[in-house]
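Presented below is the structure to which this report refers.
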Amino acid sequence: MSKKAAEHHKKAAEHLTHSARHHQEAAKHHEAGSHEKAAHHAHAARGHAIHSRGHAEEAAKAHLEDHGKK
């Protein structure tokens, strides 16, 4: 695996971890009735998920550059 692809996979994983943490916080605040804080964390979670997908796509492109086009 290329270094470029590996870095994008690592970044994707980091963003998914952050997304999960924000979802946990959103759930906690929602249960407590703090809907504004819950919405903030839900929005942040979505942003991390979007960034993760971008890194996953870049990792796939890096794989193709290294192994798929001959």
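Ligands are numbered from 1 in the order shown, residues from 1 within each chain, and chains are lettered A, B, ... in the order they appear in the structure tokens.
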Residues near His23 in chain A, cut-off 8 Å, only C-alpha atoms, skip fewer than 2 positions along chain, as a count of residues only: 9
Alpha helix (DSSP H) positions in chain A, given as an NGL selection string: :A and (3-31 or 35-63)
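For the pair CA of Ala38 in chain A and CA of His55 in chain A, the separation is 26.0 Å.
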